[in-house]
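Source file: run_26.cif. Holds: mmCIF, C-alpha atoms and all ligand atoms.
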```cif
data_input
loop_
_atom_site.label_atom_id
_atom_site.label_comp_id
_atom_site.auth_asym_id
_atom_site.auth_seq_id
_atom_site.Cartn_x
_atom_site.Cartn_y
_atom_site.Cartn_z
CA MET A 17 11.80 -50.37 -16.04
CA ALA A 18 14.91 -52.11 -17.37
CA ASP A 19 14.21 -55.10 -15.09
CA PHE A 20 10.90 -55.53 -16.86
CA ALA A 21 11.38 -57.97 -19.77
CA PRO A 22 15.18 -57.53 -19.45
CA PHE A 23 16.14 -59.48 -22.56
CA ILE A 24 13.92 -57.36 -24.78
CA ALA A 25 15.17 -54.24 -22.97
CA ALA A 26 18.75 -55.19 -23.81
CA GLN A 27 18.23 -55.68 -27.53
CA ASP A 28 15.12 -53.87 -28.75
CA SER A 29 14.24 -50.54 -27.20
CA GLN A 30 11.35 -49.86 -29.60
CA ILE A 31 9.47 -53.02 -28.68
CA HIS A 32 10.45 -52.70 -25.02
CA SER A 33 8.98 -49.24 -24.68
CA ALA A 34 5.72 -50.38 -26.28
CA LEU A 35 5.63 -53.39 -23.96
CA VAL A 36 6.13 -51.20 -20.90
CA GLY A 37 3.50 -48.80 -22.17
CA GLU A 38 0.96 -51.57 -22.63
CA PHE A 39 1.73 -52.99 -19.20
CA GLU A 40 1.18 -49.58 -17.60
CA ARG A 41 -2.03 -49.08 -19.58
CA GLN A 42 -3.40 -52.39 -18.35
CA ARG A 43 -2.22 -51.71 -14.79
CA ASP A 44 -3.45 -48.13 -14.43
CA GLY A 45 -6.77 -48.22 -16.29
CA LEU A 46 -10.06 -50.04 -16.04
CA GLU A 47 -10.48 -52.80 -18.62
CA LEU A 48 -14.15 -53.14 -19.43
CA ILE A 49 -14.03 -54.71 -22.89
CA PRO A 50 -16.16 -57.79 -22.11
CA SER A 51 -14.00 -60.11 -24.21
CA GLU A 52 -10.73 -59.27 -22.43
CA ASN A 53 -9.19 -60.45 -19.20
CA TYR A 54 -5.90 -60.74 -17.27
CA VAL A 55 -4.18 -64.12 -17.41
CA SER A 56 -2.25 -65.48 -14.44
CA ARG A 57 1.52 -65.47 -14.31
CA ALA A 58 1.45 -69.25 -14.82
CA VAL A 59 -0.55 -68.93 -18.06
CA LEU A 60 1.81 -66.19 -19.22
CA GLU A 61 4.87 -68.37 -18.50
CA ALA A 62 3.47 -71.29 -20.46
CA ASN A 63 2.55 -68.96 -23.33
CA GLY A 64 6.10 -67.60 -23.44
CA SER A 65 7.76 -71.01 -23.14
CA VAL A 66 10.05 -73.19 -25.26
CA PHE A 67 7.01 -74.95 -26.72
CA THR A 68 6.99 -72.07 -29.21
CA ASN A 69 10.00 -73.77 -30.86
CA LYS A 70 8.23 -77.02 -31.68
CA TYR A 71 6.38 -78.27 -34.76
CA SER A 72 3.65 -80.81 -33.87
CA GLU A 73 1.37 -81.38 -36.85
CA GLY A 74 -1.13 -84.09 -36.05
CA TYR A 75 -2.54 -85.16 -32.71
CA PRO A 76 -1.10 -86.88 -29.60
CA GLY A 77 0.36 -90.25 -30.57
CA LYS A 78 -0.15 -89.45 -34.30
CA ARG A 79 2.31 -86.72 -35.23
CA TYR A 80 4.32 -86.24 -38.40
CA TYR A 81 7.57 -85.12 -36.75
CA GLY A 82 9.67 -86.65 -34.00
CA GLY A 83 10.42 -85.26 -30.55
CA GLN A 84 6.81 -85.17 -29.36
CA GLU A 85 7.02 -86.75 -25.90
CA TYR A 86 6.31 -83.47 -24.11
CA THR A 87 3.93 -81.88 -26.63
CA ASP A 88 1.82 -85.04 -26.37
CA ILE A 89 1.67 -84.62 -22.60
CA ILE A 90 0.45 -81.03 -22.71
CA GLU A 91 -2.10 -81.61 -25.44
CA ARG A 92 -3.56 -84.68 -23.71
CA VAL A 93 -3.76 -82.79 -20.41
CA ALA A 94 -5.43 -79.82 -22.11
CA ILE A 95 -8.02 -82.09 -23.78
CA ASP A 96 -8.77 -84.03 -20.58
CA ARG A 97 -9.17 -80.88 -18.50
CA LEU A 98 -11.39 -79.17 -21.07
CA CYS A 99 -13.63 -82.26 -21.33
CA GLN A 100 -13.88 -82.35 -17.54
CA LEU A 101 -14.75 -78.64 -17.37
CA PHE A 102 -17.60 -78.84 -19.88
CA GLY A 103 -18.78 -82.43 -19.40
CA CYS A 104 -18.01 -83.80 -22.86
CA GLN A 105 -16.03 -86.66 -24.37
CA TYR A 106 -14.04 -85.00 -27.17
CA ALA A 107 -12.14 -81.75 -27.59
CA ASN A 108 -9.83 -80.17 -30.12
CA VAL A 109 -7.54 -77.61 -28.47
CA GLN A 110 -5.58 -76.60 -31.58
CA PRO A 111 -7.63 -73.83 -33.29
CA HIS A 112 -5.52 -70.68 -33.45
CA ALA A 113 -8.61 -68.56 -32.76
CA GLY A 114 -12.34 -68.71 -32.17
CA ALA A 115 -12.98 -67.73 -35.80
CA ILE A 116 -10.92 -70.71 -37.00
CA ALA A 117 -12.81 -72.98 -34.60
CA ASN A 118 -16.12 -71.88 -36.14
CA VAL A 119 -14.90 -72.18 -39.72
CA ALA A 120 -13.52 -75.68 -39.06
CA MET A 121 -16.81 -76.68 -37.44
CA TYR A 122 -18.70 -75.58 -40.57
CA PHE A 123 -16.36 -77.48 -42.88
CA ALA A 124 -16.59 -80.58 -40.66
CA LEU A 125 -20.39 -80.69 -40.70
CA LEU A 126 -21.48 -79.09 -43.98
CA LYS A 127 -21.20 -79.32 -47.73
CA PRO A 128 -20.92 -76.11 -49.79
CA GLY A 129 -24.36 -74.52 -50.11
CA ASP A 130 -25.72 -76.02 -46.87
CA THR A 131 -27.67 -73.75 -44.57
CA VAL A 132 -26.82 -72.48 -41.08
CA LEU A 133 -29.37 -70.70 -38.90
CA GLY A 134 -27.66 -68.27 -36.52
CA MET A 135 -28.25 -65.10 -34.56
CA ASP A 136 -28.30 -61.86 -36.54
CA LEU A 137 -25.12 -59.80 -36.04
CA SER A 138 -27.12 -56.67 -35.27
CA HIS A 139 -28.99 -58.57 -32.54
CA GLY A 140 -25.82 -59.78 -30.84
CA GLY A 141 -24.47 -62.50 -33.15
CA HIS A 142 -20.92 -62.70 -34.47
CA LEU A 143 -19.22 -62.12 -37.83
CA THR A 144 -18.30 -65.80 -38.05
CA HIS A 145 -21.96 -66.72 -37.77
CA GLY A 146 -22.19 -65.82 -41.43
CA HIS A 147 -22.05 -62.08 -41.95
CA PRO A 148 -21.96 -61.31 -45.69
CA VAL A 149 -18.46 -59.77 -45.42
CA THR A 150 -16.93 -63.12 -44.40
CA CYS A 151 -15.41 -65.69 -46.77
CA ILE A 152 -17.62 -68.44 -45.33
CA ALA A 153 -20.71 -66.54 -46.50
CA LYS A 154 -19.51 -67.26 -50.05
CA ILE A 155 -19.56 -71.01 -49.35
CA PHE A 156 -22.46 -71.68 -47.01
CA ASN A 157 -25.95 -70.23 -46.83
CA PHE A 158 -26.60 -68.30 -43.61
CA VAL A 159 -30.07 -67.39 -42.42
CA ARG A 160 -30.83 -65.49 -39.24
CA TYR A 161 -32.98 -65.29 -36.20
CA LYS A 162 -33.49 -62.24 -34.01
CA MET A 163 -34.91 -61.07 -30.72
CA LYS A 164 -38.68 -60.77 -30.54
CA ASP A 165 -38.42 -57.90 -28.12
CA VAL A 166 -35.23 -55.85 -27.69
CA GLU A 167 -36.68 -54.42 -24.47
CA THR A 168 -36.45 -57.84 -22.79
CA GLY A 169 -34.01 -59.68 -25.04
CA GLU A 170 -36.39 -62.56 -25.59
CA ILE A 171 -35.49 -64.46 -28.75
CA ASP A 172 -38.33 -65.05 -31.15
CA TYR A 173 -38.27 -68.83 -30.82
CA ASP A 174 -41.48 -69.29 -32.80
CA ALA A 175 -39.98 -67.40 -35.75
CA LEU A 176 -36.75 -69.37 -35.29
CA ARG A 177 -38.72 -72.62 -35.57
CA GLN A 178 -40.65 -71.43 -38.61
CA THR A 179 -37.40 -70.41 -40.32
CA ALA A 180 -35.86 -73.77 -39.44
CA LEU A 181 -38.84 -75.65 -40.88
CA ALA A 182 -38.72 -73.57 -44.07
CA GLU A 183 -34.95 -73.40 -44.62
CA LYS A 184 -33.97 -76.86 -43.33
CA PRO A 185 -30.59 -75.79 -41.87
CA LYS A 186 -27.93 -78.40 -41.17
CA ILE A 187 -26.76 -76.38 -38.15
CA ILE A 188 -28.66 -74.22 -35.69
CA LEU A 189 -26.15 -71.99 -33.98
CA ALA A 190 -26.65 -70.50 -30.52
CA GLY A 191 -24.15 -67.90 -29.42
CA PHE A 192 -23.30 -64.24 -29.46
CA SER A 193 -20.78 -61.52 -28.78
CA ALA A 194 -23.14 -58.73 -27.76
CA TYR A 195 -26.21 -60.32 -26.19
CA PRO A 196 -26.71 -59.78 -22.45
CA ARG A 197 -29.20 -62.56 -21.72
CA GLU A 198 -29.25 -66.36 -21.46
CA LEU A 199 -30.60 -68.43 -24.33
CA ASP A 200 -33.23 -71.16 -24.04
CA TYR A 201 -30.92 -73.99 -25.03
CA GLN A 202 -33.60 -76.64 -24.59
CA ARG A 203 -35.90 -74.89 -27.05
CA ILE A 204 -33.12 -74.50 -29.62
CA ALA A 205 -31.98 -78.13 -29.22
CA ASP A 206 -35.57 -79.32 -29.62
CA ILE A 207 -36.01 -77.33 -32.84
CA ALA A 208 -32.68 -78.65 -34.15
CA LYS A 209 -33.82 -82.20 -33.44
CA GLU A 210 -37.18 -81.58 -35.13
CA VAL A 211 -35.52 -80.41 -38.37
CA GLY A 212 -32.57 -82.81 -38.26
CA ALA A 213 -29.92 -80.12 -37.67
CA TYR A 214 -26.87 -80.17 -35.42
CA ALA A 215 -27.28 -77.96 -32.35
CA VAL A 216 -24.06 -75.97 -31.99
CA ALA A 217 -23.25 -73.35 -29.35
CA ASP A 218 -20.55 -70.70 -29.77
CA MET A 219 -19.83 -69.94 -26.13
CA ALA A 220 -16.77 -67.73 -26.68
CA HIS A 221 -17.99 -64.93 -24.44
CA ILE A 222 -19.41 -66.96 -21.60
CA ALA A 223 -17.18 -70.06 -21.57
CA GLY A 224 -15.66 -69.09 -18.23
CA LEU A 225 -19.10 -68.52 -16.73
CA ILE A 226 -20.23 -71.96 -17.90
CA ALA A 227 -16.99 -73.59 -16.73
CA GLY A 228 -17.45 -71.81 -13.39
CA LYS A 229 -21.04 -73.12 -13.21
CA ALA A 230 -22.53 -69.64 -13.04
CA LEU A 231 -24.43 -70.05 -16.34
CA LYS A 232 -26.14 -72.99 -18.04
CA ASN A 233 -24.14 -75.48 -20.08
CA PRO A 234 -25.63 -76.16 -23.56
CA PHE A 235 -24.38 -79.78 -23.37
CA ASP A 236 -26.91 -80.34 -20.55
CA TYR A 237 -29.72 -79.53 -23.00
CA GLY A 238 -28.83 -81.77 -25.90
CA PHE A 239 -26.31 -79.67 -27.85
CA ASP A 240 -23.90 -81.64 -30.04
CA ILE A 241 -20.97 -79.21 -30.23
CA ILE A 242 -19.59 -76.17 -28.41
CA THR A 243 -17.02 -73.84 -29.96
CA SER A 244 -15.28 -71.21 -27.90
CA THR A 245 -12.35 -68.93 -27.40
CA THR A 246 -10.10 -69.42 -24.39
CA HIS A 247 -9.13 -65.84 -23.62
CA LYS A 248 -12.36 -64.13 -22.61
CA SER A 249 -14.21 -65.06 -19.42
CA LEU A 250 -12.25 -68.35 -19.36
CA ARG A 251 -9.13 -66.24 -18.63
CA GLY A 252 -6.63 -68.15 -20.72
CA PRO A 253 -4.28 -67.36 -23.60
CA ARG A 254 -5.74 -66.28 -26.93
CA GLY A 255 -7.09 -69.24 -28.89
CA GLY A 256 -10.04 -71.37 -29.89
CA VAL A 257 -11.41 -74.81 -28.99
CA ILE A 258 -14.10 -77.17 -30.27
CA MET A 259 -15.84 -79.64 -27.98
CA THR A 260 -18.06 -82.55 -29.01
CA LYS A 261 -20.46 -84.02 -26.47
CA ASP A 262 -20.23 -87.73 -27.26
CA ASN A 263 -20.22 -88.43 -31.02
CA ALA A 264 -16.88 -89.95 -32.08
CA ASP A 265 -17.69 -89.53 -35.76
CA ILE A 266 -18.25 -85.76 -35.42
CA ALA A 267 -15.11 -85.41 -33.31
CA LYS A 268 -13.07 -87.16 -36.00
CA LYS A 269 -14.44 -84.86 -38.70
CA ILE A 270 -13.60 -81.82 -36.58
CA ASP A 271 -10.03 -83.00 -36.00
CA LYS A 272 -9.59 -83.47 -39.74
CA ALA A 273 -11.09 -80.07 -40.50
CA ILE A 274 -8.56 -78.38 -38.20
CA PHE A 275 -5.57 -80.42 -39.38
CA PRO A 276 -4.90 -80.92 -42.23
CA GLY A 277 -8.04 -79.05 -43.35
CA LEU A 278 -7.30 -75.54 -42.19
CA GLN A 279 -4.16 -75.32 -40.10
CA GLY A 280 -0.59 -76.55 -40.18
CA GLY A 281 1.42 -76.87 -36.98
CA PRO A 282 -0.50 -76.05 -33.82
CA LEU A 283 0.88 -73.30 -31.58
CA MET A 284 2.08 -75.59 -28.82
CA HIS A 285 2.98 -72.77 -26.44
CA HIS A 286 -0.67 -71.72 -26.66
CA VAL A 287 -1.76 -75.32 -26.08
CA ALA A 288 0.46 -75.43 -22.97
CA ALA A 289 -1.02 -72.16 -21.72
CA ARG A 290 -4.54 -73.45 -22.40
CA ALA A 291 -3.80 -76.55 -20.31
CA VAL A 292 -2.69 -74.30 -17.43
CA CYS A 293 -5.79 -72.12 -17.82
CA PHE A 294 -8.13 -75.14 -17.83
CA GLY A 295 -6.40 -76.39 -14.66
CA GLU A 296 -7.10 -73.03 -13.02
CA ALA A 297 -10.73 -73.11 -14.14
CA LEU A 298 -11.21 -76.52 -12.51
CA LYS A 299 -10.41 -75.06 -9.08
CA PRO A 300 -13.26 -74.07 -6.73
CA GLU A 301 -12.03 -70.46 -6.62
CA PHE A 302 -12.81 -70.15 -10.32
CA GLN A 303 -16.46 -70.84 -9.54
CA ALA A 304 -16.40 -67.99 -7.02
CA TYR A 305 -14.84 -65.79 -9.73
CA ALA A 306 -17.57 -66.67 -12.24
CA GLN A 307 -20.32 -65.87 -9.72
CA GLN A 308 -18.66 -62.56 -8.87
CA VAL A 309 -18.48 -61.58 -12.57
CA LEU A 310 -22.29 -61.83 -12.68
CA LYS A 311 -22.81 -59.99 -9.38
CA ASN A 312 -20.53 -57.21 -10.57
CA ALA A 313 -22.46 -56.80 -13.81
CA LYS A 314 -25.68 -56.56 -11.78
CA ALA A 315 -24.11 -53.85 -9.57
CA MET A 316 -23.33 -51.81 -12.68
CA GLU A 317 -26.79 -52.47 -14.10
CA ALA A 318 -28.40 -51.03 -10.94
CA VAL A 319 -26.47 -47.76 -11.25
CA PHE A 320 -27.23 -47.45 -14.97
CA HIS A 321 -30.94 -47.94 -14.24
CA GLU A 322 -30.84 -45.32 -11.53
CA ARG A 323 -29.00 -42.78 -13.68
CA GLY A 324 -30.90 -43.17 -16.94
CA LEU A 325 -28.55 -45.11 -19.20
CA LYS A 326 -30.73 -47.13 -21.57
CA MET A 327 -29.59 -50.75 -21.61
CA ILE A 328 -30.50 -53.00 -24.53
CA THR A 329 -32.75 -55.82 -23.24
CA GLY A 330 -33.25 -53.76 -20.07
CA GLY A 331 -30.13 -55.03 -18.29
CA THR A 332 -27.99 -58.12 -18.09
CA SER A 333 -28.07 -61.79 -17.09
CA ASN A 334 -24.42 -62.40 -17.88
CA HIS A 335 -21.15 -60.48 -17.83
CA LEU A 336 -21.94 -57.81 -20.44
CA ILE A 337 -24.03 -54.71 -20.86
CA LEU A 338 -24.96 -53.10 -24.16
CA ALA A 339 -26.13 -49.51 -23.75
CA ASP A 340 -27.55 -46.87 -26.05
CA VAL A 341 -25.45 -43.85 -25.13
CA HIS A 342 -26.72 -41.80 -28.04
CA SER A 343 -30.36 -41.80 -27.02
CA SER A 344 -29.49 -41.61 -23.31
CA PHE A 345 -27.00 -38.75 -23.31
CA GLY A 346 -26.71 -37.52 -26.89
CA VAL A 347 -23.16 -38.91 -27.13
CA GLU A 348 -22.31 -41.09 -30.13
CA GLY A 349 -20.67 -44.46 -29.50
CA LYS A 350 -17.35 -43.42 -31.02
CA ARG A 351 -17.15 -40.27 -28.90
CA ALA A 352 -18.18 -42.20 -25.79
CA GLN A 353 -15.39 -44.73 -26.35
CA ALA A 354 -12.83 -41.94 -26.91
CA VAL A 355 -13.82 -39.82 -23.93
CA LEU A 356 -13.93 -42.85 -21.62
CA ASP A 357 -10.46 -43.80 -22.88
CA GLU A 358 -9.29 -40.34 -21.78
CA VAL A 359 -10.30 -41.02 -18.18
CA GLY A 360 -8.82 -44.55 -18.17
CA ILE A 361 -11.92 -46.63 -18.89
CA THR A 362 -11.49 -48.95 -21.87
CA LEU A 363 -14.62 -50.32 -23.52
CA ASN A 364 -15.87 -50.55 -27.09
CA MET A 365 -18.39 -48.71 -29.20
CA ASN A 366 -21.01 -51.15 -30.46
CA SER A 367 -24.04 -51.21 -32.71
CA ILE A 368 -27.37 -51.64 -30.99
CA PRO A 369 -30.08 -53.84 -32.56
CA ASP A 370 -31.16 -52.39 -35.90
CA ASP A 371 -28.96 -49.37 -35.22
CA PRO A 372 -29.84 -46.32 -37.34
CA ARG A 373 -26.19 -45.19 -37.03
CA PRO A 374 -23.22 -46.67 -38.99
CA PRO A 375 -21.03 -49.44 -37.50
CA LEU A 376 -17.98 -47.17 -37.24
CA ASN A 377 -19.93 -44.60 -35.23
CA PRO A 378 -22.82 -46.52 -33.71
CA SER A 379 -25.33 -45.58 -31.03
CA GLY A 380 -24.01 -47.89 -28.36
CA ILE A 381 -21.21 -49.02 -26.12
CA ARG A 382 -20.51 -52.54 -24.86
CA LEU A 383 -18.85 -53.25 -21.54
CA GLY A 384 -18.34 -56.17 -19.19
CA THR A 385 -16.92 -57.29 -15.87
CA PRO A 386 -14.54 -60.28 -16.44
CA ALA A 387 -11.29 -58.27 -16.25
CA ILE A 388 -12.15 -55.95 -13.35
CA THR A 389 -13.40 -58.97 -11.40
CA THR A 390 -10.04 -60.67 -11.96
CA ARG A 391 -8.32 -57.68 -10.37
CA GLY A 392 -10.52 -58.10 -7.30
CA PHE A 393 -13.36 -55.67 -7.77
CA ALA A 394 -16.62 -56.52 -6.01
CA GLU A 395 -20.01 -54.80 -6.12
CA PRO A 396 -19.01 -51.50 -4.43
CA GLN A 397 -16.11 -50.88 -6.82
CA CYS A 398 -18.23 -51.85 -9.83
CA ALA A 399 -21.01 -49.48 -8.77
CA GLN A 400 -18.38 -46.75 -8.48
CA VAL A 401 -17.09 -47.53 -11.97
CA ALA A 402 -20.64 -47.28 -13.33
CA HIS A 403 -21.01 -43.87 -11.69
CA TRP A 404 -17.73 -42.73 -13.29
CA ILE A 405 -18.99 -43.84 -16.70
CA ILE A 406 -22.15 -41.76 -16.33
CA ASP A 407 -20.24 -38.82 -14.81
CA THR A 408 -17.89 -38.87 -17.82
CA LEU A 409 -20.68 -39.16 -20.39
CA GLN A 410 -22.41 -36.19 -18.77
CA ALA A 411 -19.22 -34.11 -18.83
CA VAL A 412 -17.64 -34.92 -22.19
CA ASP A 413 -16.28 -31.37 -22.60
CA ASP A 414 -15.41 -30.71 -18.96
CA GLU A 415 -11.61 -31.17 -18.82
CA ALA A 416 -11.33 -30.54 -15.05
CA LYS A 417 -14.02 -33.08 -14.24
CA LYS A 418 -12.43 -35.68 -16.52
CA ALA A 419 -9.01 -35.09 -14.92
CA GLN A 420 -10.52 -35.67 -11.48
CA ILE A 421 -12.21 -38.90 -12.60
CA LYS A 422 -8.93 -40.11 -14.12
CA ALA A 423 -7.08 -39.41 -10.86
CA ASP A 424 -9.75 -41.27 -8.87
CA ILE A 425 -9.53 -44.24 -11.25
CA THR A 426 -5.74 -44.39 -10.96
CA ALA A 427 -6.05 -44.35 -7.16
CA LEU A 428 -8.57 -47.22 -7.20
CA CYS A 429 -6.39 -49.24 -9.58
CA GLN A 430 -3.47 -48.86 -7.17
CA GLN A 431 -5.59 -50.45 -4.45
CA PHE A 432 -6.41 -53.38 -6.76
CA PRO A 433 -3.21 -54.29 -8.61
CA ILE A 434 -3.25 -56.62 -11.58
CA PRO A 435 -2.99 -60.07 -9.98
CA ASP A 436 0.51 -61.62 -10.16
CA THR A 437 0.79 -60.91 -13.85
CA PHE A 438 4.19 -59.28 -14.29
CA VAL A 439 7.28 -58.24 -12.32
N1 LIG B 1 -13.76 -59.57 -30.85
C1 LIG B 1 -14.56 -60.41 -29.99
C2 LIG B 1 -15.38 -59.62 -29.03
O1 LIG B 1 -14.90 -58.60 -28.59
O2 LIG B 1 -16.49 -60.02 -28.69
C3 LIG B 1 -15.41 -61.36 -30.73
O3 LIG B 1 -14.67 -62.03 -31.66
#
```

Starting from the file, lay out its structure as structure tokens.
Ligand code: DSN
Amino acid sequence: MADFAPFIAAQDSQIHSALVGEFERQRDGLELIPSENYVSRAVLEANGSVFTNKYSEGYPGKRYYGGQEYTDIIERVAIDRLCQLFGCQYANVQPHAGAIANVAMYFALLKPGDTVLGMDLSHGGHLTHGHPVTCIAKIFNFVRYKMKDVETGEIDYDALRQTALAEKPKIILAGFSAYPRELDYQRIADIAKEVGAYAVADMAHIAGLIAGKALKNPFDYGFDIITSTTHKSLRGPRGGVIMTKDNADIAKKIDKAIFPGLQGGPLMHHVAARAVCFGEALKPEFQAYAQQVLKNAKAMEAVFHERGLKMITGGTSNHLILADVHSSFGVEGKRAQAVLDEVGITLNMNSIPDDPRPPLNPSGIRLGTPAITTRGFAEPQCAQVAHWIIDTLQAVDDEAKKAQIKADITALCQQFPIPDTFV
């Protein structure tokens, strides 16, 4: 494949062979990690563009270095499009990652020692919502809420309110990376108002589904701020963003927290690629994509129900499924991930709520439909994929069976090529 990335091929065979290998892995296998996706060729071009050469500390019209006539254009376009997508007045499109977006949001709104009430990691929350291993847990005080019932996924909103009344948080955080249901944003916003806290949503996983109007938008229920990544269901380049509904003072604090608070020069090639991604998400076909992501997850849910895979919360209302493979089939999460990798299905092992097993070999797996939907899969293909997952988990030591499944997966992938991504 010398015509693939020809300039790298000509000067760096080590990196070229890894690049080709990764391309083939993405092309020939099924990507089910729910936080991954395939960007368009246009996003990829912007991400690999000459904007990578430019320093642009500051914001449009207020930069420290010269030569900003084009960086200002892309950043303004990115901000306008993102505000249009989510129905808000202010956006910062510079965070290098979702984690940075969350940390900046904390520093913008809190003083050291202030309290944040967020979802427990073991019940679907995220490390940056204050897990003790993070640096921010040394600065701010994080308290947690959980599900009332892991069989249905219902959050214990009464307990959340009681904790909020007792702990007086400055932020109540809604958001997750392994929770398959929708949250009651109105209830959370009402509790935040009652205790004088900011209502903040971390929508990293479902941003594309909100932008595509397939799921509810927290801004419609009184939330002040949304943080997100851009590379999951939103299908853009890797990166983070922070949106503020309508409060200019908060937006100003957030801008300051990003630069000069936490970051130096923004990655303007990423900002360009984000602008392209947001333009794509504004098109009607993106709404069809978002709806299909949900339908595809439901098609997989139906097969898992039928074949006895225990799903946490009983199923899914979004793009992801969290399943207890250990109690269902006696296969540990780590083994399940490895054996599914062997047949060409990439997903991740994941803790289940209050998992008795350790994080590096948990009881569960987590999977989702954003990437396979991008490559054109609809319900029949997703049901087939779900069957292959169960077939594999029931035949972890059967080499012939696994080889057959791998061949069938390769054949299906050939029918649904990665959309206009490379070569
Ligand atoms: N690593 C991301 C995920 O997979 O959900 C969250 O940061």

Next on the checklist: as a PyMOL selection string, please: every protein or nucleic acid residue near ligand LIG 1 (chain B) (cut-off 8 Å, counting all atoms listed in the file).
Outcome noted: chain A and resi 49-52+114-115+142-143+193-194+220-221

Met327 (chain A): which residues within 10 Å, counting all atoms listed in the file, same-chain residues fewer than 6 positions away excluded, as a short mmCIF file (atom, residue, chain, number, x, y, z; two decimals) with C-alpha atoms, in the coordinates of the input?
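Contents of the output file selection-v2.cif:
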```cif
data_model
loop_
_atom_site.label_atom_id
_atom_site.label_comp_id
_atom_site.auth_asym_id
_atom_site.auth_seq_id
_atom_site.Cartn_x
_atom_site.Cartn_y
_atom_site.Cartn_z
CA VAL A 166 -35.23 -55.85 -27.69
CA GLU A 167 -36.68 -54.42 -24.47
CA THR A 168 -36.45 -57.84 -22.79
CA PRO A 196 -26.71 -59.78 -22.45
CA GLU A 317 -26.79 -52.47 -14.10
CA PHE A 320 -27.23 -47.45 -14.97
CA HIS A 321 -30.94 -47.94 -14.24
CA ILE A 337 -24.03 -54.71 -20.86
CA LEU A 338 -24.96 -53.10 -24.16
CA ALA A 339 -26.13 -49.51 -23.75
CA ASP A 340 -27.55 -46.87 -26.05
CA VAL A 341 -25.45 -43.85 -25.13
CA SER A 344 -29.49 -41.61 -23.31
CA ILE A 368 -27.37 -51.64 -30.99
CA GLY A 380 -24.01 -47.89 -28.36
CA ILE A 381 -21.21 -49.02 -26.12
CA ARG A 382 -20.51 -52.54 -24.86
#
```

**Asked** At most 10 Å from (-15.3, -43.8, -15.2), file frame, only C-alpha atoms: which residues, as number ranges by chain?
**Response** A: 45-46, 355-362, 400-409, 418, 421-422, 424-425

- For Asn233 (chain A), please output as number ranges by chain all residues within 10 Å (counting only C-alpha atoms; exclusion window: fewer than 6 positions along the same chain). A: 102-103, 201, 217, 219, 222-223, 225-227, 239, 242

Residues at most 12 Å from Pro396 (chain A), counting only C-alpha atoms, excluding those fewer than 6 positions away in the same chain, as a list in words?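 That gives Gln308, Lys311, Asn312, Ala313, Lys314, Ala315, Met316, Ala318, Val319, Thr389, Ala402, His403 and Leu428 of chain A.
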
Could you model N, CA and C atoms for region 108-119 of chain A and present them as a compact mmCIF listing (two decimals), keeping the file's coordinate frame?
```txt
# COMPACT_ATOMS: atom_id res chain seq x y z
N ASN A 108 -10.98 -80.55 -29.30
CA ASN A 108 -9.83 -80.17 -30.12
C ASN A 108 -9.33 -78.84 -29.57
N VAL A 109 -8.07 -78.82 -29.13
CA VAL A 109 -7.54 -77.61 -28.47
C VAL A 109 -6.55 -76.87 -29.36
N GLN A 110 -6.57 -77.19 -30.67
CA GLN A 110 -5.58 -76.60 -31.58
C GLN A 110 -6.00 -75.34 -32.32
N PRO A 111 -7.30 -75.01 -32.47
CA PRO A 111 -7.63 -73.83 -33.29
C PRO A 111 -6.88 -72.58 -32.83
N HIS A 112 -6.29 -71.87 -33.81
CA HIS A 112 -5.52 -70.68 -33.45
C HIS A 112 -6.42 -69.59 -32.88
N ALA A 113 -7.71 -69.62 -33.20
CA ALA A 113 -8.61 -68.56 -32.76
C ALA A 113 -10.04 -69.09 -32.78
N GLY A 114 -10.93 -68.32 -32.16
CA GLY A 114 -12.34 -68.71 -32.17
C GLY A 114 -12.91 -68.72 -33.58
N ALA A 115 -12.48 -67.78 -34.41
CA ALA A 115 -12.98 -67.73 -35.80
C ALA A 115 -12.60 -69.01 -36.54
N ILE A 116 -11.37 -69.47 -36.34
CA ILE A 116 -10.92 -70.71 -37.00
C ILE A 116 -11.73 -71.90 -36.48
N ALA A 117 -12.02 -71.88 -35.18
CA ALA A 117 -12.81 -72.98 -34.60
C ALA A 117 -14.17 -73.04 -35.30
N ASN A 118 -14.80 -71.88 -35.49
CA ASN A 118 -16.12 -71.88 -36.14
C ASN A 118 -16.03 -72.32 -37.60
N VAL A 119 -15.04 -71.82 -38.31
CA VAL A 119 -14.90 -72.18 -39.72
C VAL A 119 -14.65 -73.69 -39.86
```
